[in-house]
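Structure file protein.txt with compact mmCIF, C-alpha atoms:
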```txt
# COMPACT_ATOMS: atom_id res chain seq x y z
CA MET S 16 0.00 0.00 0.00
CA PRO S 17 0.06 -1.72 -0.82
CA SER S 18 -1.39 1.70 1.20
CA PHE S 19 -0.35 2.41 -0.58
CA THR S 20 -0.93 5.46 0.06
CA LEU S 21 -0.47 5.38 3.64
CA THR S 22 -1.73 8.84 4.56
CA PRO S 23 -5.48 9.40 4.37
CA PRO S 24 -5.64 12.87 2.83
CA GLY S 25 -7.57 15.47 4.69
CA THR S 26 -7.66 13.41 7.88
CA GLN S 27 -4.04 12.80 8.84
CA ASN S 28 -0.90 14.71 9.65
CA GLY S 29 -2.69 17.92 10.50
CA SER S 30 -4.34 18.51 7.12
CA PRO S 31 -7.10 21.10 7.36
CA PRO S 32 -10.51 19.46 7.74
CA ALA S 33 -11.79 21.59 4.85
CA THR S 34 -9.77 19.47 2.40
CA ALA S 35 -11.55 16.22 3.38
CA PRO S 36 -14.40 16.40 0.81
CA ARG S 37 -11.92 17.21 -1.95
CA MET S 38 -9.84 14.18 -1.09
CA SER S 39 -12.61 11.65 -0.47
CA TRP S 40 -12.12 10.27 -3.98
CA LEU S 41 -8.66 9.10 -2.95
CA ASP S 42 -10.09 7.27 0.05
CA ALA S 43 -12.69 5.69 -2.23
CA LEU S 44 -9.96 4.54 -4.63
CA ARG S 45 -7.93 3.16 -1.77
CA GLY S 46 -10.95 1.33 -0.42
CA LEU S 47 -11.71 -0.18 -3.82
CA ALA S 48 -8.08 -1.23 -4.29
CA ALA S 49 -7.92 -2.86 -0.85
CA LEU S 50 -11.14 -4.81 -1.41
CA VAL S 51 -9.91 -6.03 -4.80
CA VAL S 52 -6.69 -7.27 -3.19
CA VAL S 53 -8.77 -9.14 -0.59
CA PHE S 54 -10.79 -10.63 -3.45
CA GLU S 55 -7.58 -11.73 -5.19
CA HIS S 56 -6.25 -13.47 -2.10
CA SER S 57 -9.57 -15.20 -1.38
CA LEU S 58 -9.94 -16.72 -4.84
CA ASP S 59 -7.99 -19.89 -4.08
CA VAL S 60 -10.06 -20.36 -0.92
CA LEU S 61 -13.56 -19.54 -2.16
CA LEU S 62 -13.60 -19.19 -5.95
CA PRO S 63 -10.98 -21.41 -7.61
CA GLU S 64 -13.11 -21.42 -10.78
CA VAL S 65 -12.64 -17.66 -11.12
CA ARG S 66 -8.91 -18.09 -10.64
CA ARG S 67 -8.74 -20.64 -13.43
CA ALA S 68 -10.93 -18.66 -15.81
CA ALA S 69 -9.66 -15.11 -15.20
CA GLY S 70 -6.08 -15.79 -14.16
CA PRO S 71 -4.60 -15.87 -17.68
CA TRP S 72 -6.32 -12.59 -18.58
CA PHE S 73 -6.31 -10.37 -15.52
CA ASP S 74 -4.23 -10.06 -12.35
CA PHE S 75 -6.59 -8.67 -9.69
CA GLY S 76 -3.80 -8.28 -7.14
CA ARG S 77 -1.62 -6.19 -9.43
CA TYR S 78 -4.63 -4.07 -10.35
CA GLY S 79 -5.23 -3.26 -6.68
CA VAL S 80 -1.64 -2.47 -5.78
CA PHE S 81 -1.10 -0.27 -8.85
CA VAL S 82 -4.13 1.78 -7.85
CA PHE S 83 -2.49 2.11 -4.44
CA PHE S 84 0.80 3.15 -6.01
CA LEU S 85 -0.87 5.84 -8.09
CA VAL S 86 -2.61 7.25 -5.02
CA SER S 87 0.66 7.19 -3.05
CA GLY S 88 2.40 9.09 -5.82
CA TYR S 89 -0.38 11.65 -5.87
CA VAL S 90 -0.37 12.26 -2.10
CA VAL S 91 2.93 11.49 -0.38
CA PRO S 92 5.35 13.99 -2.00
CA PHE S 93 2.99 16.85 -1.26
CA SER S 94 2.85 15.75 2.36
CA LEU S 95 6.60 16.42 2.47
CA GLU S 96 6.27 19.73 0.64
CA ARG S 97 3.46 20.87 2.93
CA ARG S 98 5.56 20.23 6.00
CA GLY S 99 8.75 21.54 4.47
CA SER S 100 10.65 19.39 6.96
CA VAL S 101 12.32 16.06 6.25
CA ARG S 102 12.42 15.33 9.97
CA GLU S 103 8.66 15.81 10.40
CA PHE S 104 7.94 13.84 7.23
CA TRP S 105 9.87 10.78 8.41
CA ILE S 106 8.44 10.96 11.93
CA GLY S 107 5.01 10.93 10.31
CA ARG S 108 5.95 8.03 8.04
CA PHE S 109 7.32 6.02 10.97
CA PHE S 110 4.21 6.38 13.10
CA ARG S 111 1.99 5.81 10.09
CA LEU S 112 3.69 2.62 8.92
CA TYR S 113 5.26 0.72 11.78
CA PRO S 114 2.58 0.34 14.51
CA ALA S 115 0.03 -1.50 12.33
CA TRP S 116 2.88 -3.35 10.63
CA LEU S 117 4.12 -4.61 14.02
CA VAL S 118 0.61 -5.77 14.90
CA SER S 119 0.39 -7.80 11.70
CA VAL S 120 3.80 -9.39 12.34
CA ALA S 121 2.84 -10.25 15.92
CA LEU S 122 -0.44 -11.80 14.78
CA ALA S 123 1.34 -13.80 12.09
CA VAL S 124 3.70 -15.22 14.73
CA VAL S 125 0.93 -15.98 17.23
CA LEU S 126 -1.49 -17.51 14.72
CA GLY S 127 1.31 -19.50 13.15
CA ALA S 128 2.45 -20.86 16.52
CA ALA S 129 -1.14 -21.86 17.27
CA GLY S 130 -1.42 -23.67 13.94
CA ILE S 131 -4.22 -21.39 12.77
CA SER S 132 -2.36 -19.61 9.98
CA TRP S 133 0.61 -20.69 7.90
CA GLY S 134 3.05 -18.80 10.10
CA LEU S 135 6.30 -17.21 9.00
CA PRO S 136 8.20 -18.55 5.99
CA ASP S 137 10.75 -21.21 6.92
CA ALA S 138 13.51 -19.25 5.18
CA LEU S 139 13.26 -16.52 7.82
CA ARG S 140 14.40 -18.95 10.49
CA ALA S 141 17.67 -19.65 8.68
CA ARG S 142 18.92 -16.11 9.38
CA PRO S 143 16.53 -14.77 12.03
CA TRP S 144 18.46 -11.64 13.02
CA THR S 145 19.23 -10.67 9.45
CA SER S 146 15.57 -11.22 8.57
CA VAL S 147 14.44 -8.98 11.43
CA LEU S 148 16.89 -6.27 10.41
CA ALA S 149 15.77 -6.43 6.78
CA HIS S 150 12.13 -6.13 7.79
CA LEU S 151 12.85 -3.16 10.04
CA THR S 152 14.16 -1.29 6.99
CA MET S 153 10.97 -2.31 5.11
CA LEU S 154 13.26 -3.05 2.16
CA GLN S 155 13.22 -6.81 2.72
CA ASP S 156 11.75 -7.56 -0.72
CA LEU S 157 14.80 -5.86 -2.25
CA LEU S 158 17.24 -7.56 0.12
CA GLY S 159 16.52 -11.19 -0.74
CA VAL S 160 14.56 -11.79 2.48
CA PRO S 161 11.13 -13.49 2.27
CA ASN S 162 8.26 -11.36 3.48
CA ALA S 163 6.94 -12.23 6.94
CA VAL S 164 3.45 -11.55 5.57
CA ASN S 165 3.12 -11.91 1.82
CA VAL S 166 1.67 -8.42 1.22
CA PHE S 167 4.68 -6.70 2.79
CA TRP S 168 6.44 -6.72 -0.58
CA THR S 169 4.71 -3.53 -1.71
CA LEU S 170 6.03 -1.63 1.32
CA SER S 171 9.56 -2.06 0.00
CA TYR S 172 8.65 -0.10 -3.12
CA GLU S 173 6.82 2.50 -1.07
CA MET S 174 10.02 2.92 0.94
CA VAL S 175 12.15 3.31 -2.21
CA PHE S 176 9.73 5.97 -3.39
CA TYR S 177 9.93 7.84 -0.07
CA LEU S 178 13.73 7.78 -0.21
CA LEU S 179 13.82 9.11 -3.77
CA VAL S 180 11.21 11.78 -3.03
CA THR S 181 13.16 12.94 0.03
CA ALA S 182 16.43 13.08 -1.89
CA MET S 183 14.77 15.05 -4.71
CA PHE S 184 13.15 17.46 -2.24
CA LEU S 185 16.47 18.28 -0.58
CA ALA S 186 18.22 18.52 -3.94
CA GLY S 187 15.61 21.03 -5.08
CA VAL S 188 14.45 18.96 -8.05
CA HIS S 189 11.18 17.69 -6.58
CA ARG S 190 9.18 19.35 -9.35
CA ALA S 191 10.80 17.17 -11.97
CA SER S 192 8.35 14.35 -11.26
CA ALA S 193 7.02 14.10 -14.83
CA ARG S 194 10.52 13.76 -16.30
CA VAL S 195 11.50 11.26 -13.60
CA ALA S 196 8.36 9.19 -14.26
CA LEU S 197 9.12 9.18 -17.97
CA GLY S 198 12.73 8.19 -17.30
CA PHE S 199 11.73 5.19 -15.20
CA GLY S 200 9.13 4.23 -17.80
CA VAL S 201 11.68 4.32 -20.60
CA ALA S 202 14.11 2.29 -18.50
CA ALA S 203 11.42 -0.31 -17.81
CA ALA S 204 10.58 -0.66 -21.49
CA MET S 205 14.16 -0.68 -22.78
CA LEU S 206 16.18 -2.33 -20.01
CA GLY S 207 13.73 -4.06 -17.70
CA VAL S 208 13.79 -7.50 -19.28
CA ALA S 209 17.60 -7.53 -19.22
CA LEU S 210 18.01 -6.65 -15.54
CA PRO S 211 18.91 -9.37 -13.03
CA THR S 212 16.74 -10.47 -10.13
CA ALA S 213 18.20 -10.66 -6.62
CA LEU S 214 21.74 -10.29 -7.99
CA LEU S 215 23.32 -9.03 -4.76
CA ALA S 216 21.33 -11.21 -2.36
CA ALA S 217 22.04 -14.35 -4.42
CA ARG S 218 25.78 -13.78 -4.23
CA TRP S 219 25.90 -12.39 -0.72
CA PRO S 220 23.01 -13.80 1.33
CA GLY S 221 22.62 -11.87 4.55
CA GLY S 222 25.50 -9.58 3.74
CA THR S 223 23.35 -7.34 1.56
CA THR S 224 21.12 -6.59 4.54
CA LEU S 225 24.05 -6.07 6.91
CA VAL S 226 25.41 -3.41 4.56
CA ALA S 227 22.14 -1.84 3.42
CA ALA S 228 20.67 -1.31 6.90
CA PRO S 229 23.48 0.86 8.35
CA VAL S 230 23.86 2.67 5.02
CA LEU S 231 20.14 3.50 5.11
CA ALA S 232 20.31 4.65 8.73
CA GLY S 233 23.38 6.78 8.06
CA GLY S 234 21.85 8.29 4.93
CA LEU S 235 18.62 9.24 6.71
CA ALA S 236 20.59 10.76 9.59
CA ALA S 237 22.61 12.81 7.12
CA LEU S 238 19.44 14.09 5.45
CA VAL S 239 18.32 15.83 8.64
CA SER S 240 21.73 17.34 9.38
CA ARG S 241 22.06 21.12 9.62
CA ARG S 242 25.25 21.01 7.57
CA ARG S 243 24.74 21.36 3.83
CA ALA S 244 27.70 19.17 2.88
CA VAL S 245 26.42 16.36 5.10
CA ARG S 246 22.93 16.65 3.62
CA ARG S 247 24.37 16.46 0.12
CA ALA S 248 26.23 13.29 1.06
CA GLY S 249 23.00 11.91 2.50
CA ILE S 250 21.16 12.64 -0.74
CA ALA S 251 23.74 10.68 -2.72
CA VAL S 252 23.76 7.77 -0.26
CA VAL S 253 19.99 7.43 0.02
CA ALA S 254 19.30 7.80 -3.70
CA GLY S 255 22.20 5.50 -4.61
CA LEU S 256 21.02 2.79 -2.21
CA ALA S 257 17.43 2.98 -3.43
CA LEU S 258 18.37 2.81 -7.11
CA THR S 259 20.97 0.06 -6.63
CA LEU S 260 18.51 -2.22 -4.85
CA LEU S 261 15.74 -1.39 -7.30
CA VAL S 262 17.83 -2.20 -10.38
CA LEU S 263 20.06 -5.04 -9.16
CA ASP S 264 18.29 -6.81 -6.32
CA SER S 265 14.57 -6.81 -6.98
CA ARG S 266 12.71 -10.06 -6.40
CA ILE S 267 9.91 -9.19 -8.85
CA GLY S 268 12.30 -8.14 -11.60
CA GLY S 269 13.37 -4.98 -13.32
CA VAL S 270 10.29 -4.51 -15.50
CA GLU S 271 7.80 -4.35 -12.67
CA SER S 272 10.15 -2.60 -10.23
CA LEU S 273 10.84 0.25 -12.63
CA CYS S 274 7.20 0.44 -13.72
CA ILE S 275 6.10 0.78 -10.10
CA ILE S 276 8.38 3.76 -9.49
CA ALA S 277 7.44 5.29 -12.85
CA THR S 278 3.77 4.94 -11.92
CA MET S 279 4.23 6.57 -8.53
CA PHE S 280 6.09 9.56 -9.96
CA ALA S 281 3.41 9.82 -12.65
CA GLY S 282 0.85 10.12 -9.86
CA THR S 283 2.97 12.92 -8.39
CA ALA S 284 3.02 14.67 -11.76
CA VAL S 285 -0.76 14.46 -12.04
CA ARG S 286 -1.02 16.29 -8.72
CA GLY S 287 1.54 18.83 -9.88
CA ILE S 288 -0.41 19.52 -13.06
CA GLU S 289 -3.64 19.89 -11.10
CA ASP S 290 -2.07 22.35 -8.64
CA GLY S 291 -0.38 24.38 -11.38
CA ARG S 292 3.12 23.44 -10.22
CA LEU S 293 3.98 21.84 -13.56
CA ARG S 294 3.44 23.17 -17.07
CA ALA S 295 0.31 21.36 -18.12
CA TRP S 296 0.95 20.19 -21.67
CA PRO S 297 4.59 19.05 -21.45
CA ALA S 298 3.97 17.30 -18.13
CA ALA S 299 0.71 15.72 -19.30
CA ALA S 300 2.41 14.40 -22.43
CA MET S 301 5.16 12.78 -20.38
CA VAL S 302 2.66 11.30 -17.92
CA ALA S 303 0.57 9.87 -20.78
CA VAL S 304 3.58 7.98 -22.09
CA VAL S 305 4.20 6.20 -18.77
CA PRO S 306 1.26 3.75 -18.89
CA VAL S 307 1.97 3.05 -22.55
CA LEU S 308 5.58 2.19 -21.76
CA SER S 309 4.47 0.09 -18.79
CA LEU S 310 2.12 -1.97 -20.93
CA LEU S 311 4.78 -2.49 -23.59
CA ALA S 312 7.36 -3.41 -20.96
CA GLY S 313 5.02 -5.98 -19.48
CA LEU S 314 4.43 -7.63 -22.84
CA ARG S 315 8.01 -7.50 -24.08
CA PRO S 316 9.81 -10.87 -24.24
CA PRO S 317 13.32 -11.22 -22.80
CA THR S 318 16.11 -10.07 -25.10
CA ALA S 319 18.73 -12.39 -26.49
CA TRP S 320 21.38 -10.50 -24.52
CA ALA S 321 19.56 -10.65 -21.20
CA ALA S 322 21.77 -11.79 -18.34
CA PRO S 323 21.14 -15.23 -16.76
CA GLY S 324 18.57 -14.84 -14.04
CA GLY S 325 17.22 -11.74 -15.75
CA THR S 326 13.63 -10.60 -15.62
CA GLN S 327 11.06 -12.56 -17.58
CA SER S 328 8.17 -10.90 -19.38
CA LEU S 329 5.10 -10.39 -17.22
CA GLY S 330 2.33 -11.15 -19.68
CA LEU S 331 -1.07 -9.95 -20.80
CA ASP S 332 -2.75 -10.39 -17.41
CA TRP S 333 -0.28 -7.99 -15.78
CA SER S 334 -0.50 -5.40 -18.56
CA LEU S 335 -4.30 -5.42 -18.56
CA ALA S 336 -4.30 -5.02 -14.78
CA VAL S 337 -1.98 -2.01 -14.98
CA ALA S 338 -4.11 -0.47 -17.73
CA ALA S 339 -7.24 -0.95 -15.62
CA ALA S 340 -5.51 0.62 -12.60
CA TRP S 341 -4.69 3.70 -14.65
CA LEU S 342 -8.25 3.95 -15.97
CA THR S 343 -9.61 3.61 -12.44
CA PHE S 344 -7.31 6.31 -11.10
CA LEU S 345 -8.09 8.70 -13.95
CA GLY S 346 -11.80 7.98 -13.56
CA GLY S 347 -11.60 8.81 -9.88
CA PHE S 348 -9.64 11.95 -10.70
CA ALA S 349 -12.31 13.04 -13.17
CA LEU S 350 -14.97 12.54 -10.48
CA ARG S 351 -12.92 14.06 -7.67
CA ARG S 352 -15.45 16.82 -6.97
CA ARG S 353 -18.34 14.38 -6.69
CA SER S 354 -19.47 12.75 -3.47
CA MET S 355 -18.20 9.20 -3.03
CA PRO S 356 -19.91 6.13 -1.52
CA ARG S 357 -19.41 6.24 2.23
CA ALA S 358 -18.61 2.55 2.43
CA LEU S 359 -15.72 2.92 0.00
CA VAL S 360 -14.45 6.06 1.74
CA TRP S 361 -14.47 4.28 5.10
CA SER S 362 -12.73 1.27 3.55
CA GLY S 363 -10.07 3.66 2.28
CA LEU S 364 -9.55 5.17 5.72
CA VAL S 365 -8.85 1.71 7.18
CA SER S 366 -7.17 0.37 4.02
CA TYR S 367 -3.68 0.09 5.48
CA SER S 368 -4.79 -2.18 8.32
CA LEU S 369 -7.14 -3.97 5.94
CA TYR S 370 -4.26 -4.63 3.57
CA LEU S 371 -1.87 -5.85 6.26
CA LEU S 372 -4.31 -8.06 8.16
CA HIS S 373 -6.44 -9.63 5.47
CA PRO S 374 -3.98 -12.44 4.53
CA LEU S 375 -4.12 -13.69 8.11
CA VAL S 376 -7.92 -13.64 8.04
CA VAL S 377 -7.96 -15.50 4.72
CA GLN S 378 -5.63 -18.18 6.10
CA THR S 379 -7.72 -18.50 9.27
CA VAL S 380 -10.94 -18.95 7.26
CA TRP S 381 -9.22 -21.55 5.11
CA ARG S 382 -8.19 -23.55 8.19
CA ALA S 383 -11.55 -23.12 9.93
CA SER S 384 -13.57 -24.17 6.89
CA GLY S 385 -11.42 -27.09 5.87
CA ASP S 386 -10.85 -25.65 2.38
CA PRO S 387 -14.30 -24.62 1.12
CA GLY S 388 -13.24 -24.59 -2.53
CA GLY S 389 -15.03 -27.89 -3.20
CA MET S 390 -18.15 -27.07 -1.17
CA PRO S 391 -21.55 -26.04 -2.56
CA GLY S 392 -21.91 -22.43 -3.65
CA ILE S 393 -24.23 -21.45 -0.79
CA VAL S 394 -21.70 -22.71 1.75
CA ARG S 395 -18.88 -20.81 0.07
CA LEU S 396 -21.04 -17.69 0.03
CA GLY S 397 -21.49 -18.05 3.78
CA TRP S 398 -17.75 -18.36 4.32
CA GLY S 399 -17.24 -15.36 2.03
CA VAL S 400 -19.51 -13.27 4.24
CA VAL S 401 -17.57 -14.42 7.30
CA LEU S 402 -14.26 -13.55 5.62
CA VAL S 403 -15.32 -10.05 4.55
CA ALA S 404 -16.86 -9.28 7.92
CA ALA S 405 -13.75 -10.47 9.77
CA VAL S 406 -11.47 -8.44 7.50
CA LEU S 407 -13.49 -5.25 7.93
CA VAL S 408 -13.89 -5.63 11.70
CA SER S 409 -10.20 -6.36 12.27
CA ALA S 410 -9.20 -3.43 10.04
CA GLY S 411 -11.59 -1.08 11.81
CA LEU S 412 -10.32 -2.07 15.24
CA ALA S 413 -6.67 -1.77 14.20
CA HIS S 414 -7.29 1.62 12.64
CA ARG S 415 -9.07 2.96 15.71
CA TYR S 416 -6.87 1.53 18.44
CA VAL S 417 -3.46 1.29 16.73
CA GLU S 418 -3.18 3.59 13.72
CA ARG S 419 -4.97 6.68 14.98
CA PRO S 420 -3.28 6.82 18.42
CA ALA S 421 0.12 6.24 16.79
CA GLN S 422 -0.47 9.04 14.30
CA ARG S 423 -1.50 11.43 17.06
CA LEU S 424 1.69 10.56 18.94
CA GLY S 425 3.73 11.11 15.80
CA ARG S 426 2.22 14.55 15.26
CA ARG S 427 2.97 15.56 18.85
CA LEU S 428 6.58 14.43 18.54
CA ALA S 429 6.98 16.22 15.21
CA ARG S 430 5.66 19.48 16.66
CA ARG S 431 8.13 19.37 19.57
CA GLY S 432 11.06 19.90 17.26
CA ARG S 433 9.62 22.91 15.49
CA PRO S 434 11.25 26.28 16.13
CA PRO S 435 9.06 28.65 18.18
CA ALA S 436 6.81 30.93 16.16
CA PRO S 437 7.96 34.56 16.02
CA ALA S 438 6.26 36.86 18.54
```
Once you've parsed the file, please lay out its structure as structure tokens.
Amino acid sequence: MPSFTLTPPGTQNGSPPATAPRMSWLDALRGLAALVVVFEHSLDVLLPEVRRAAGPWFDFGRYGVFVFFLVSGYVVPFSLERRGSVREFWIGRFFRLYPAWLVSVALAVVLGAAGISWGLPDALRARPWTSVLAHLTMLQDLLGVPNAVNVFWTLSYEMVFYLLVTAMFLAGVHRASARVALGFGVAAAMLGVALPTALLAARWPGGTTLVAAPVLAGGLAALVSRRRAVRRAGIAVVAGLALTLLVLDSRIGGVESLCIIATMFAGTAVRGIEDGRLRAWPAAAMVAVVPVLSLLAGLRPPTAWAAPGGTQSLGLDWSLAVAAAWLTFLGGFALRRRSMPRALVWSGLVSYSLYLLHPLVVQTVWRASGDPGGMPGIVRLGWGVVLVAAVLVSAGLAHRYVERPAQRLGRRLARRGRPPAPA
């Protein structure tokens, strides 16, 4: 989130309440995306026929997460610009991301130990401390470490985006989002199929994490330094780490990795065009090329000169899902001044917890039902109602008792470091 976007606009981080109606379309999109991801992950449990019929043509999971990525790109960079403070931005990100994330990890461990869910992947036990360190960076999917909960993979790309946005903000080039989006799109189309997967982690298991974690910590510390030379070094370190992992160590491959970042920066450019920060026609032309390049990159077969272990083509189902995500986002954008269904808006507000917790609910229903895939339709419908209700209730509780208190704490801590207002 994937939240993707992980900051409900108009309701978090001190945004003025007056902006809430304007931003409800984003919550509605986030709610739709989260529910589609739940649908994707429940297919094997409840609707295997749909999986067999639709699977070759449409990837529901990728559709949902790409909607999330577009919304993140639209919102997150302007959260940093509004604050004007890297320190406050990262405090907000920490208290937005980690509390609910820790709850999902704890539940995965507890339910796995009780034999209710599948538990943590066996590969995490081989290097437990390295695995913990990788997950604390939220870059584990780019460090060759299996995800403790399968949906965590998208958070690694959110984190790369945050790092690049922060580096661009401090370098004063944060309004180049349309050109950056186009650049990543071109790279995905031209180079994606030739890029290796997990190159560093395959050759240096564990060592990649042991290097990347302190480099990340040092780079972030440098970014908040008062000394310009130190900040410049931090920009280079953070951007270099993010790009190196993205290009050389991605688990999902160069095509999708680069398309994800291109998509997020395209979302940023859409916001910039809307707010008048970018020249409309040049920026719009560059943004329009990004989904086209993404679709072509997804369909492109590997080149003859691709390195061993390089990215394989993604296929029609992935490209159609990305196209549908773009159409959904642009449709929501076109309707942004209209009122949105309250159920979708509420689902968007709790979408981060919904996204993190739903795999555990799906696994629990699977165990409790004894695999309902072969049961009569009416029985599967009943289990589907149970699954959806459990997902929504658990997300609502986590949002109210974990996310919201943590965000309030984060805002208080961020305000403490602000210089006093002039008399």
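Proximity to S:Arg243 was assessed for S:Ala186, S:Met205, S:Trp168, S:Ile288 counting only C-alpha atoms; the smallest distance is recorded for S:Ala186.
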Just give me the residues with any atom within 10 Å of (-5.3, -2.4, 9.3), file coordinates, counting all atoms listed in the file, written as a PyMOL selection string.
chain S and resi 18+114-116+118-119+364-373+406-415+417-418
Name the residues, using the chain letters and numbers of the file, that sit within 10 Å of (7.8, 0.4, 9.5) when counting all atoms listed in the file, and give them as number ranges by chain.
S: 108-117, 150-154, 170-171, 174
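With all atoms listed in the file as the atoms that count, the residue of S:Gly287, S:Gly282, S:Pro306, S:Pro420 with the shortest distance to S:Val86 is S:Gly282.
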Name the residues in contact with S:Leu235 at a cut-off of 8 Å, using all atoms listed in the file, excluding same-chain residues fewer than 3 positions from it; report them as a PyMOL selection string.
chain S and resi 231-232+238-239+249+253
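Nearest to S:Leu428 of all the residues S:Arg67, S:Arg102, S:Leu148, S:Ala48 is S:Arg102, counting all atoms listed in the file.
For the choices S:Leu185, S:Val175, S:Ala209, S:Pro143, the atom-to-atom distance to S:Ala244 is smallest for S:Leu185 when using all atoms listed in the file.
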If I take atom CA of S:Val164 and atom CA of S:Ala405, how far is one from the other in Å, to one decimal?
17.7 Å
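Atom CA of S:Arg430 is positioned 26.2 Å from atom CA of S:Ser39.
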Give me, please, the distance in Å between atom CA of S:Val394 and atom CA of S:Leu61, quoted to one decimal.
9.6 Å
